[in-house]
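Everything below belongs to query_19.cif, which stores mmCIF, C-alpha atoms.
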```cif
data_my_file
loop_
_atom_site.group_PDB
_atom_site.id
_atom_site.type_symbol
_atom_site.label_atom_id
_atom_site.label_comp_id
_atom_site.auth_asym_id
_atom_site.auth_seq_id
_atom_site.Cartn_x
_atom_site.Cartn_y
_atom_site.Cartn_z
ATOM 1 C CA MET A 1 105.598 75.034 82.838
ATOM 2 C CA ALA A 2 108.986 74.322 84.262
ATOM 3 C CA GLY A 3 111.967 75.552 82.360
ATOM 4 C CA ILE A 4 110.368 77.837 79.767
ATOM 5 C CA SER A 5 112.493 80.870 79.038
ATOM 6 C CA ARG A 6 110.851 84.298 78.863
ATOM 7 C CA GLY A 7 113.365 85.432 76.272
ATOM 8 C CA THR A 8 115.899 83.777 74.033
ATOM 9 C CA PRO A 9 117.784 81.011 75.868
ATOM 10 C CA PRO A 10 121.538 81.706 75.976
ATOM 11 C CA GLU A 11 122.450 78.207 74.837
ATOM 12 C CA PRO A 12 119.477 76.234 73.442
ATOM 13 C CA PRO A 13 119.774 72.506 74.174
ATOM 14 C CA GLN A 14 120.427 70.174 71.265
ATOM 15 C CA ALA A 15 117.411 69.294 69.144
ATOM 16 C CA SER A 16 117.650 65.645 70.201
ATOM 17 C CA THR A 17 117.041 66.548 73.844
ATOM 18 C CA ASP A 18 114.898 69.664 73.469
ATOM 19 C CA PRO A 19 113.104 69.842 70.109
ATOM 20 C CA LEU A 20 111.136 72.948 71.079
ATOM 21 C CA ALA A 21 114.283 74.916 71.921
ATOM 22 C CA ALA A 22 115.720 74.061 68.503
ATOM 23 C CA LEU A 23 112.864 76.032 66.920
ATOM 24 C CA ALA A 24 114.285 79.231 68.408
ATOM 25 C CA SER A 25 116.962 79.168 65.703
ATOM 26 C CA LEU A 26 114.469 79.135 62.810
ATOM 27 C CA PRO A 27 114.481 82.131 60.448
ATOM 28 C CA GLY A 28 113.124 85.274 62.096
ATOM 29 C CA VAL A 29 112.206 83.610 65.394
ATOM 30 C CA ALA A 30 114.911 85.211 67.539
ATOM 31 C CA ASP A 31 113.873 88.662 66.339
ATOM 32 C CA SER A 32 110.225 87.898 67.102
ATOM 33 C CA VAL A 33 111.066 86.630 70.582
ATOM 34 C CA ASP A 34 113.112 89.738 71.334
ATOM 35 C CA SER A 35 110.463 92.100 69.980
ATOM 36 C CA VAL A 36 107.709 90.422 72.002
ATOM 37 C CA ARG A 37 109.744 90.493 75.207
ATOM 38 C CA LYS A 38 110.450 94.218 74.816
ATOM 39 C CA ALA A 39 106.795 94.998 74.065
ATOM 40 C CA VAL A 40 105.577 93.008 77.081
ATOM 41 C CA ASP A 41 108.138 94.673 79.335
ATOM 42 C CA ARG A 42 106.919 98.099 78.217
ATOM 43 C CA VAL A 43 103.282 97.508 79.067
ATOM 44 C CA TYR A 44 104.167 95.902 82.392
ATOM 45 C CA GLY A 45 106.204 99.001 83.170
ATOM 46 C CA HIS A 46 103.303 101.378 82.490
ATOM 47 C CA ARG A 47 102.595 103.494 85.557
ATOM 48 C CA ILE A 48 98.887 102.595 85.566
ATOM 49 C CA MET A 49 99.797 98.925 86.094
ATOM 50 C CA ARG A 50 100.964 99.682 89.633
ATOM 51 C CA ARG A 51 97.477 100.738 90.712
ATOM 52 C CA ARG A 52 94.945 99.214 88.359
ATOM 53 C CA SER A 53 96.361 95.987 86.993
ATOM 54 C CA THR A 54 93.212 94.058 87.923
ATOM 55 C CA GLU A 55 91.158 96.315 85.661
ATOM 56 C CA ILE A 56 93.633 95.900 82.827
ATOM 57 C CA THR A 57 93.480 92.115 83.196
ATOM 58 C CA ALA A 58 89.677 92.117 83.126
ATOM 59 C CA GLU A 59 89.530 94.346 80.067
ATOM 60 C CA ALA A 60 92.182 92.283 78.289
ATOM 61 C CA ALA A 61 90.156 89.125 78.938
ATOM 62 C CA LEU A 62 87.031 90.671 77.443
ATOM 63 C CA ARG A 63 88.902 91.822 74.348
ATOM 64 C CA ALA A 64 90.645 88.463 74.029
ATOM 65 C CA ALA A 65 87.314 86.651 74.048
ATOM 66 C CA ARG A 66 85.925 89.004 71.419
ATOM 67 C CA GLY A 67 88.954 88.414 69.188
ATOM 68 C CA SER A 68 88.899 84.653 69.544
ATOM 69 C CA ALA A 69 85.164 84.509 68.829
ATOM 70 C CA ALA A 70 85.658 86.682 65.739
ATOM 71 C CA LEU A 71 88.084 84.143 64.277
ATOM 72 C CA SER A 72 85.510 81.422 64.922
ATOM 73 C CA GLY A 73 82.817 83.231 62.976
ATOM 74 C CA ALA A 74 81.207 85.521 65.576
ATOM 75 C CA ASP A 75 82.688 88.942 64.847
ATOM 76 C CA TRP A 76 80.782 91.093 67.316
ATOM 77 C CA ALA A 77 81.542 94.638 68.376
ATOM 78 C CA LEU A 78 83.299 94.871 71.723
ATOM 79 C CA GLU A 79 80.421 96.740 73.344
ATOM 80 C CA GLU A 80 77.989 94.044 72.213
ATOM 81 C CA VAL A 81 80.130 91.410 73.915
ATOM 82 C CA ARG A 82 80.352 93.613 76.996
ATOM 83 C CA ARG A 83 76.631 94.202 77.411
ATOM 84 C CA ARG A 84 75.191 90.793 76.482
ATOM 85 C CA THR A 85 74.214 88.330 79.186
ATOM 86 C CA ASP A 86 72.428 85.661 77.130
ATOM 87 C CA PHE A 87 74.646 83.491 74.943
ATOM 88 C CA GLY A 88 72.532 80.364 74.625
ATOM 89 C CA ASP A 89 70.452 80.889 71.482
ATOM 90 C CA GLY A 90 72.103 80.685 68.067
ATOM 91 C CA SER A 91 75.507 79.744 66.719
ATOM 92 C CA GLU A 92 77.170 83.144 67.099
ATOM 93 C CA PRO A 93 75.980 83.786 70.677
ATOM 94 C CA ARG A 94 77.122 80.297 71.681
ATOM 95 C CA THR A 95 80.533 80.961 70.145
ATOM 96 C CA VAL A 96 80.915 84.259 72.000
ATOM 97 C CA GLY A 97 79.742 82.646 75.224
ATOM 98 C CA ALA A 98 82.252 79.819 74.770
ATOM 99 C CA ALA A 99 85.069 82.313 74.182
ATOM 100 C CA LEU A 100 84.163 84.250 77.323
ATOM 101 C CA ARG A 101 84.054 81.099 79.436
ATOM 102 C CA LEU A 102 87.381 79.869 78.101
ATOM 103 C CA THR A 103 89.116 83.169 78.720
ATOM 104 C CA ALA A 104 87.865 83.181 82.301
ATOM 105 C CA GLU A 105 88.833 79.536 82.838
ATOM 106 C CA ALA A 106 92.348 79.630 81.387
ATOM 107 C CA GLY A 107 93.998 81.281 84.355
ATOM 108 C CA GLN A 108 92.450 78.756 86.757
ATOM 109 C CA LEU A 109 94.126 75.750 85.136
ATOM 110 C CA LEU A 110 97.813 76.537 85.487
ATOM 111 C CA SER A 111 98.600 73.986 88.192
ATOM 112 C CA VAL A 112 96.838 71.223 86.254
ATOM 113 C CA TRP A 113 98.566 72.243 83.009
ATOM 114 C CA ARG A 114 101.959 71.643 84.615
ATOM 115 C CA GLN A 115 100.945 68.080 85.498
ATOM 116 C CA SER A 116 98.643 67.058 82.644
ATOM 117 C CA PRO A 117 98.165 69.258 79.567
ATOM 118 C CA LEU A 118 95.733 66.714 78.109
ATOM 119 C CA ARG A 119 93.447 67.014 81.127
ATOM 120 C CA VAL A 120 93.418 70.756 80.639
ATOM 121 C CA LEU A 121 92.537 70.422 76.953
ATOM 122 C CA ALA A 122 89.653 68.127 77.893
ATOM 123 C CA ARG A 123 88.493 70.663 80.464
ATOM 124 C CA LEU A 124 88.727 73.517 77.973
ATOM 125 C CA HIS A 125 86.531 71.653 75.516
ATOM 126 C CA LEU A 126 84.030 70.892 78.250
ATOM 127 C CA VAL A 127 83.924 74.562 79.238
ATOM 128 C CA ALA A 128 83.576 75.682 75.620
ATOM 129 C CA ALA A 129 80.757 73.244 74.914
ATOM 130 C CA GLY A 130 78.818 74.395 77.963
ATOM 131 C CA GLY A 131 76.150 71.767 77.422
ATOM 132 C CA GLY A 132 75.776 72.637 73.736
ATOM 133 C CA VAL A 133 77.351 69.394 72.442
ATOM 134 C CA ALA A 134 76.234 65.799 72.978
ATOM 135 C CA ASP A 135 77.697 64.514 76.251
ATOM 136 C CA ASP A 136 79.583 61.596 74.726
ATOM 137 C CA ALA A 137 81.541 63.955 72.454
ATOM 138 C CA VAL A 138 82.585 66.500 75.096
ATOM 139 C CA GLY A 139 86.041 66.585 76.574
ATOM 140 C CA ARG A 140 87.586 63.785 74.542
ATOM 141 C CA PRO A 141 89.438 63.575 71.227
ATOM 142 C CA ARG A 142 87.297 62.544 68.286
ATOM 143 C CA LEU A 143 87.017 58.882 67.389
ATOM 144 C CA GLY A 144 86.969 57.121 64.034
ATOM 145 C CA ALA A 145 85.329 59.202 61.344
ATOM 146 C CA GLU A 146 83.532 61.633 63.672
ATOM 147 C CA PRO A 147 83.023 64.972 61.917
ATOM 148 C CA VAL A 148 84.664 68.243 62.898
ATOM 149 C CA ASP A 149 82.882 71.576 62.838
ATOM 150 C CA GLU A 150 85.636 74.193 62.690
ATOM 151 C CA PRO A 151 85.005 77.570 61.030
ATOM 152 C CA LEU A 152 87.861 79.103 59.067
ATOM 153 C CA VAL A 153 90.340 76.184 59.137
ATOM 154 C CA GLU A 154 89.805 73.792 56.223
ATOM 155 C CA LEU A 155 93.163 72.049 56.080
ATOM 156 C CA PRO A 156 93.341 68.260 55.657
ATOM 157 C CA LEU A 157 92.135 66.575 58.828
ATOM 158 C CA PRO A 158 94.441 64.036 60.541
ATOM 159 C CA ASP A 159 92.742 60.756 61.417
ATOM 160 C CA ALA A 160 91.912 59.830 64.999
ATOM 161 C CA ASP A 161 94.982 57.636 65.479
ATOM 162 C CA GLU A 162 97.310 60.397 64.341
ATOM 163 C CA VAL A 163 95.534 62.850 66.609
ATOM 164 C CA ALA A 164 95.989 60.577 69.627
ATOM 165 C CA GLY A 165 99.669 59.997 68.879
ATOM 166 C CA ARG A 166 100.506 63.640 68.297
ATOM 167 C CA LEU A 167 98.600 64.820 71.362
ATOM 168 C CA ASP A 168 100.539 62.347 73.447
ATOM 169 C CA GLY A 169 103.790 63.530 71.889
ATOM 170 C CA LEU A 170 102.936 67.171 72.550
ATOM 171 C CA SER A 171 102.102 66.389 76.155
ATOM 172 C CA ARG A 172 105.392 64.575 76.630
ATOM 173 C CA LEU A 173 107.346 67.492 75.207
ATOM 174 C CA LEU A 174 105.620 69.946 77.518
ATOM 175 C CA LEU A 175 106.049 67.803 80.618
ATOM 176 C CA ALA A 176 109.719 67.214 79.868
ATOM 177 C CA GLY A 177 110.414 70.933 80.208
ATOM 178 C CA THR A 178 112.166 73.090 77.663
ATOM 179 C CA GLY A 179 114.584 75.955 77.317
ATOM 180 C CA ALA A 180 112.523 77.333 74.438
ATOM 181 C CA PRO A 181 111.233 80.899 74.663
ATOM 182 C CA ALA A 182 107.635 81.194 75.833
ATOM 183 C CA LEU A 183 106.537 82.533 72.430
ATOM 184 C CA VAL A 184 107.860 79.415 70.693
ATOM 185 C CA VAL A 185 106.091 77.032 73.082
ATOM 186 C CA ALA A 186 102.817 78.976 72.881
ATOM 187 C CA ALA A 187 102.933 79.048 69.084
ATOM 188 C CA VAL A 188 103.635 75.313 68.830
ATOM 189 C CA VAL A 189 100.799 74.416 71.221
ATOM 190 C CA HIS A 190 98.416 76.701 69.310
ATOM 191 C CA GLY A 191 99.523 75.485 65.885
ATOM 192 C CA GLU A 192 99.500 71.814 66.775
ATOM 193 C CA LEU A 193 95.974 71.963 68.186
ATOM 194 C CA LEU A 194 94.688 73.821 65.140
ATOM 195 C CA ALA A 195 96.412 71.388 62.809
ATOM 196 C CA LEU A 196 94.964 68.378 64.642
ATOM 197 C CA ARG A 197 91.516 69.758 65.502
ATOM 198 C CA PRO A 198 91.201 66.973 68.087
ATOM 199 C CA PHE A 199 87.629 67.740 69.131
ATOM 200 C CA GLY A 200 84.421 67.735 67.163
ATOM 201 C CA SER A 201 83.875 71.433 67.874
ATOM 202 C CA TYR A 202 85.440 74.601 69.284
ATOM 203 C CA ASN A 203 88.997 73.649 68.311
ATOM 204 C CA GLY A 204 90.034 77.172 67.391
ATOM 205 C CA LEU A 205 88.749 78.579 70.673
ATOM 206 C CA VAL A 206 90.479 75.816 72.626
ATOM 207 C CA ALA A 207 93.767 76.286 70.736
ATOM 208 C CA ARG A 208 93.826 80.011 71.443
ATOM 209 C CA ALA A 209 92.952 79.422 75.097
ATOM 210 C CA ALA A 210 95.842 76.954 75.341
ATOM 211 C CA GLU A 211 98.180 79.549 73.849
ATOM 212 C CA ARG A 212 96.960 81.961 76.532
ATOM 213 C CA ILE A 213 97.725 79.407 79.262
ATOM 214 C CA VAL A 214 101.302 78.961 78.047
ATOM 215 C CA LEU A 215 101.910 82.710 77.913
ATOM 216 C CA ILE A 216 100.627 83.123 81.472
ATOM 217 C CA ASP A 217 102.286 80.033 82.910
ATOM 218 C CA SER A 218 105.647 80.781 81.327
ATOM 219 C CA GLY A 219 105.918 84.063 83.185
ATOM 220 C CA LEU A 220 105.959 86.080 79.977
ATOM 221 C CA ASP A 221 102.484 87.462 80.719
ATOM 222 C CA PRO A 222 101.670 86.439 84.317
ATOM 223 C CA LYS A 223 98.851 88.974 84.732
ATOM 224 C CA SER A 224 97.326 88.040 81.365
ATOM 225 C CA ILE A 225 97.305 91.580 79.999
ATOM 226 C CA CYS A 226 98.729 90.840 76.521
ATOM 227 C CA PRO A 227 95.790 89.253 74.663
ATOM 228 C CA ALA A 228 97.239 87.460 71.639
ATOM 229 C CA GLU A 229 93.669 86.692 70.541
ATOM 230 C CA VAL A 230 93.194 90.388 69.790
ATOM 231 C CA GLY A 231 96.236 90.344 67.543
ATOM 232 C CA HIS A 232 95.228 87.165 65.744
ATOM 233 C CA ALA A 233 91.857 88.714 64.937
ATOM 234 C CA GLU A 234 93.388 92.031 63.914
ATOM 235 C CA GLN A 235 95.717 90.347 61.418
ATOM 236 C CA GLY A 236 92.654 88.726 59.870
ATOM 237 C CA GLY A 237 91.430 85.242 59.133
ATOM 238 C CA ALA A 238 93.221 84.939 55.799
ATOM 239 C CA ALA A 239 96.622 85.745 57.327
ATOM 240 C CA TYR A 240 95.888 83.402 60.226
ATOM 241 C CA VAL A 241 95.134 80.478 57.927
ATOM 242 C CA ALA A 242 98.098 81.248 55.653
ATOM 243 C CA ALA A 243 100.469 81.259 58.625
ATOM 244 C CA LEU A 244 98.925 78.030 59.919
ATOM 245 C CA GLN A 245 99.507 76.430 56.522
ATOM 246 C CA GLY A 246 103.183 77.277 56.978
ATOM 247 C CA TYR A 247 103.199 75.497 60.315
ATOM 248 C CA VAL A 248 101.466 72.446 58.869
ATOM 249 C CA SER A 249 103.992 72.329 56.015
ATOM 250 C CA GLY A 250 106.697 71.573 58.555
ATOM 251 C CA THR A 251 109.320 73.544 56.637
ATOM 252 C CA PRO A 252 111.715 75.743 58.637
ATOM 253 C CA GLU A 253 110.417 78.828 56.839
ATOM 254 C CA GLY A 254 106.775 77.873 57.384
ATOM 255 C CA VAL A 255 107.131 77.054 61.058
ATOM 256 C CA GLY A 256 109.224 80.185 61.586
ATOM 257 C CA GLU A 257 106.561 82.338 59.952
ATOM 258 C CA TRP A 258 103.836 80.810 62.149
ATOM 259 C CA ILE A 259 105.865 81.634 65.275
ATOM 260 C CA ALA A 260 106.452 85.153 63.966
ATOM 261 C CA HIS A 261 102.712 85.493 63.252
ATOM 262 C CA CYS A 262 101.970 84.531 66.852
ATOM 263 C CA GLY A 263 104.582 87.036 67.985
ATOM 264 C CA ARG A 264 102.892 89.821 66.050
ATOM 265 C CA ALA A 265 99.596 88.789 67.646
ATOM 266 C CA VAL A 266 101.073 89.214 71.122
ATOM 267 C CA GLU A 267 102.511 92.603 70.183
ATOM 268 C CA LEU A 268 99.129 93.756 68.888
ATOM 269 C CA GLY A 269 97.584 92.538 72.124
ATOM 270 C CA VAL A 270 100.157 94.606 73.994
ATOM 271 C CA ARG A 271 99.202 97.611 71.915
ATOM 272 C CA GLU A 272 95.547 97.074 72.821
ATOM 273 C CA SER A 273 96.259 96.913 76.547
ATOM 274 C CA THR A 274 98.588 99.896 76.338
ATOM 275 C CA ALA A 275 95.698 101.884 74.870
ATOM 276 C CA VAL A 276 93.521 100.747 77.786
ATOM 277 C CA CYS A 277 96.230 101.894 80.219
ATOM 278 C CA GLU A 278 96.377 105.267 78.525
ATOM 279 C CA ALA A 279 92.585 105.634 78.637
ATOM 280 C CA LEU A 280 92.519 104.788 82.331
ATOM 281 C CA GLN A 281 95.292 107.269 82.980
ATOM 282 C CA ARG A 282 93.315 109.995 81.234
ATOM 283 C CA GLY A 283 90.171 109.010 83.121
ATOM 284 C CA ALA A 284 88.461 108.078 79.856
ATOM 285 C CA ALA A 285 87.722 104.473 80.842
#
```
What would the structure in this file look like if it were written as structure tokens?
Amino acid sequence: MAGISRGTPPEPPQASTDPLAALASLPGVADSVDSVRKAVDRVYGHRIMRRRSTEITAEAALRAARGSAALSGADWALEEVRRRTDFGDGSEPRTVGAALRLTAEAGQLLSVWRQSPLRVLARLHLVAAGGGVADDAVGRPRLGAEPVDEPLVELPLPDADEVAGRLDGLSRLLLAGTGAPALVVAAVVHGELLALRPFGSYNGLVARAAERIVLIDSGLDPKSICPAEVGHAEQGGAAYVAALQGYVSGTPEGVGEWIAHCGRAVELGVRESTAVCEALQRGAA
């Protein structure tokens, strides 16, 4: 995404021209941005990254998928996710399979994301559904009074017209470019998609995959080794929903806390990958 800052922008544009950048001045956000940047820099500087970054990326993707699936109601042990090959029978296996497919797909969609975020969201839903949802409901925002199946998030559901308008507005903001820190943009994309729940299914998985895309595309985490999904799961579903409620409230404190929550998730993801680096260095993995 053109113009996203990895750290805190030196002079954020005025809110009227860059609404996302204005969020960097919310309470606690600057500290979160700085803390995330330092944590990411540390893991990228680990000596094992020079030789085995591909392995770290693959392991981070697996752990990210496990974390995202856990928040959507399929809290499987990591080794169970690692060893399973059949994800087609039952709600939990389908959720884990969807999370794995989305994590693998996210890094392949960067060029499309820069041109059409809405096309990418449609693709993510298609990948998540994997044939498990009626064809006419896949890859498009819900219409009329179509129901939404979304574990964990039970906030009031915006109607279809509001969803369409806000998705369009989000897309326009992203395409316009921003001086906002990558963490801020990722948190807003994630929060907005969870608040809207634009699809009939898999909204949480899609929202977390979109957050992943922003973190990669921004240059903050180009090798995708800082799985925020791990951190979201580690903080727990209750904290996740409480922080999301702050975002939905629209208050400066609430939105700031959601961004900070997402920042802590990235830092916990960094901690996870740092542990993987250390295990590889010791020859234990």
Surrounding residues of Asp168 (chain A) excluding itself and chain neighbours under 4 positions, 12 Å, only C-alpha atoms, as a short mmCIF file (atom, residue, chain, number, x, y, z; two decimals) with C-alpha atoms, in the coordinates of the input:
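Below is the file part_31.cif, written as the result:
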```
data_model
loop_
_atom_site.label_atom_id
_atom_site.label_comp_id
_atom_site.auth_asym_id
_atom_site.auth_seq_id
_atom_site.Cartn_x
_atom_site.Cartn_y
_atom_site.Cartn_z
CA SER A 116 98.64 67.06 82.64
CA PRO A 117 98.16 69.26 79.57
CA LEU A 118 95.73 66.71 78.11
CA ARG A 119 93.45 67.01 81.13
CA LEU A 121 92.54 70.42 76.95
CA PRO A 141 89.44 63.58 71.23
CA ASP A 161 94.98 57.64 65.48
CA GLU A 162 97.31 60.40 64.34
CA VAL A 163 95.53 62.85 66.61
CA ALA A 164 95.99 60.58 69.63
CA ARG A 172 105.39 64.58 76.63
CA LEU A 173 107.35 67.49 75.21
CA LEU A 174 105.62 69.95 77.52
CA LEU A 175 106.05 67.80 80.62
CA GLU A 192 99.50 71.81 66.78
CA LEU A 193 95.97 71.96 68.19
CA PRO A 198 91.20 66.97 68.09
#
```
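Neighbours of Glu92 (chain A) closer than or equal to 10 Å, with all atoms listed in the file counted and sequence neighbours fewer than 2 positions away skipped, come out as Ala69, Ala70, Ser72, Gly73, Ala74, Asp75, Trp76, Phe87, Gly88, Asp89, Gly90, Arg94, Thr95, Val96, Gly97 and Ala98 of chain A.
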Check your understanding: What does the distance from CA of Pro227 (chain A) to CA of Val138 (chain A) come to in Å, to one decimal?
Key -> 26.3 Å
Practice item. Apply the PyMOL selection byres ((chain A and resi 241-252) around 8) to the file shown and report the selected residues as a PyMOL selection string. Key: chain A and resi 26-27+152-153+155+191+194-195+237-240+253-258+261
May I have the selected residues written with C-alpha atoms, as a JSON list (two decimals), keeping the file's coordinate frame?
```
[["chain", "number", "residue", "atom", "x", "y", "z"],
["A", 26, "LEU", "CA", 114.47, 79.14, 62.81],
["A", 27, "PRO", "CA", 114.48, 82.13, 60.45],
["A", 152, "LEU", "CA", 87.86, 79.10, 59.07],
["A", 153, "VAL", "CA", 90.34, 76.18, 59.14],
["A", 155, "LEU", "CA", 93.16, 72.05, 56.08],
["A", 191, "GLY", "CA", 99.52, 75.48, 65.89],
["A", 194, "LEU", "CA", 94.69, 73.82, 65.14],
["A", 195, "ALA", "CA", 96.41, 71.39, 62.81],
["A", 237, "GLY", "CA", 91.43, 85.24, 59.13],
["A", 238, "ALA", "CA", 93.22, 84.94, 55.80],
["A", 239, "ALA", "CA", 96.62, 85.74, 57.33],
["A", 240, "TYR", "CA", 95.89, 83.40, 60.23],
["A", 253, "GLU", "CA", 110.42, 78.83, 56.84],
["A", 254, "GLY", "CA", 106.78, 77.87, 57.38],
["A", 255, "VAL", "CA", 107.13, 77.05, 61.06],
["A", 256, "GLY", "CA", 109.22, 80.18, 61.59],
["A", 257, "GLU", "CA", 106.56, 82.34, 59.95],
["A", 258, "TRP", "CA", 103.84, 80.81, 62.15],
["A", 261, "HIS", "CA", 102.71, 85.49, 63.25]]
```
**Study point:** Selection result for the PyMOL selection byres ((chain A and resi 157) around 9) on this file, as a PyMOL selection string
**Key:** chain A and resi 148+154-156+158-159+195-197
Review point. Contacts of Ala60 (chain A) at 12 Å or less, counting only C-alpha atoms, minus same-chain residues fewer than 3 places along, as a PyMOL selection string?
Key: chain A and resi 53-57+63-67+78+82+100+103-104+212+221+223-231+266+268-277
Practice item. Considering all atoms listed in the file, state which residue in the set A:Gly200, A:Gly236, A:Pro93, A:Gly283 is at the smallest distance from Asp149 (chain A). Key: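 The shortest atom-to-atom distance to Asp149 (chain A) comes from A:Gly200.
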Practice item. Output the residue selection produced by the PyMOL selection byres ((chain A and resi 32-43) around 7) on the file above, formatted as number ranges by chain. Key: A: 7-8, 28-31, 44-46, 183, 260, 263, 266-267, 270, 274
Find the spatial neighbours of Pro19 (chain A), counting only C-alpha atoms, within a cut-off of 12 Å - ignore same-chain residues fewer than 6 positions away - and output them as a compact mmCIF listing (two decimals) with C-alpha atoms, in the frame of the given file.
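Saved file part.txt follows:
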```txt
# COMPACT_ATOMS: atom_id res chain seq x y z
CA PRO A 12 119.48 76.23 73.44
CA PRO A 13 119.77 72.51 74.17
CA SER A 25 116.96 79.17 65.70
CA LEU A 26 114.47 79.14 62.81
CA GLY A 169 103.79 63.53 71.89
CA LEU A 170 102.94 67.17 72.55
CA ARG A 172 105.39 64.58 76.63
CA LEU A 173 107.35 67.49 75.21
CA LEU A 174 105.62 69.95 77.52
CA ALA A 176 109.72 67.21 79.87
CA GLY A 177 110.41 70.93 80.21
CA THR A 178 112.17 73.09 77.66
CA GLY A 179 114.58 75.96 77.32
CA ALA A 180 112.52 77.33 74.44
CA VAL A 184 107.86 79.42 70.69
CA VAL A 185 106.09 77.03 73.08
CA VAL A 188 103.64 75.31 68.83
```
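Taking CA of Gln108 (chain A) and CA of Ala58 (chain A) as the two end points, the separation is 14.1 Å.
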Practice item. Find the distance between CA of Ala209 (chain A) and CA of Glu105 (chain A) and write it in Å to one decimal. Key: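 Computing it gives 8.8 Å between the two atoms.
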Point to revise | Nearest to Ala22 (chain A) by atom-to-atom distance, counting all atoms listed in the file, from A:Glu211, A:Ala233, A:Pro181, A:Ser111 | key: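 Using all atoms listed in the file, Ala22 (chain A) sits closest to A:Pro181.
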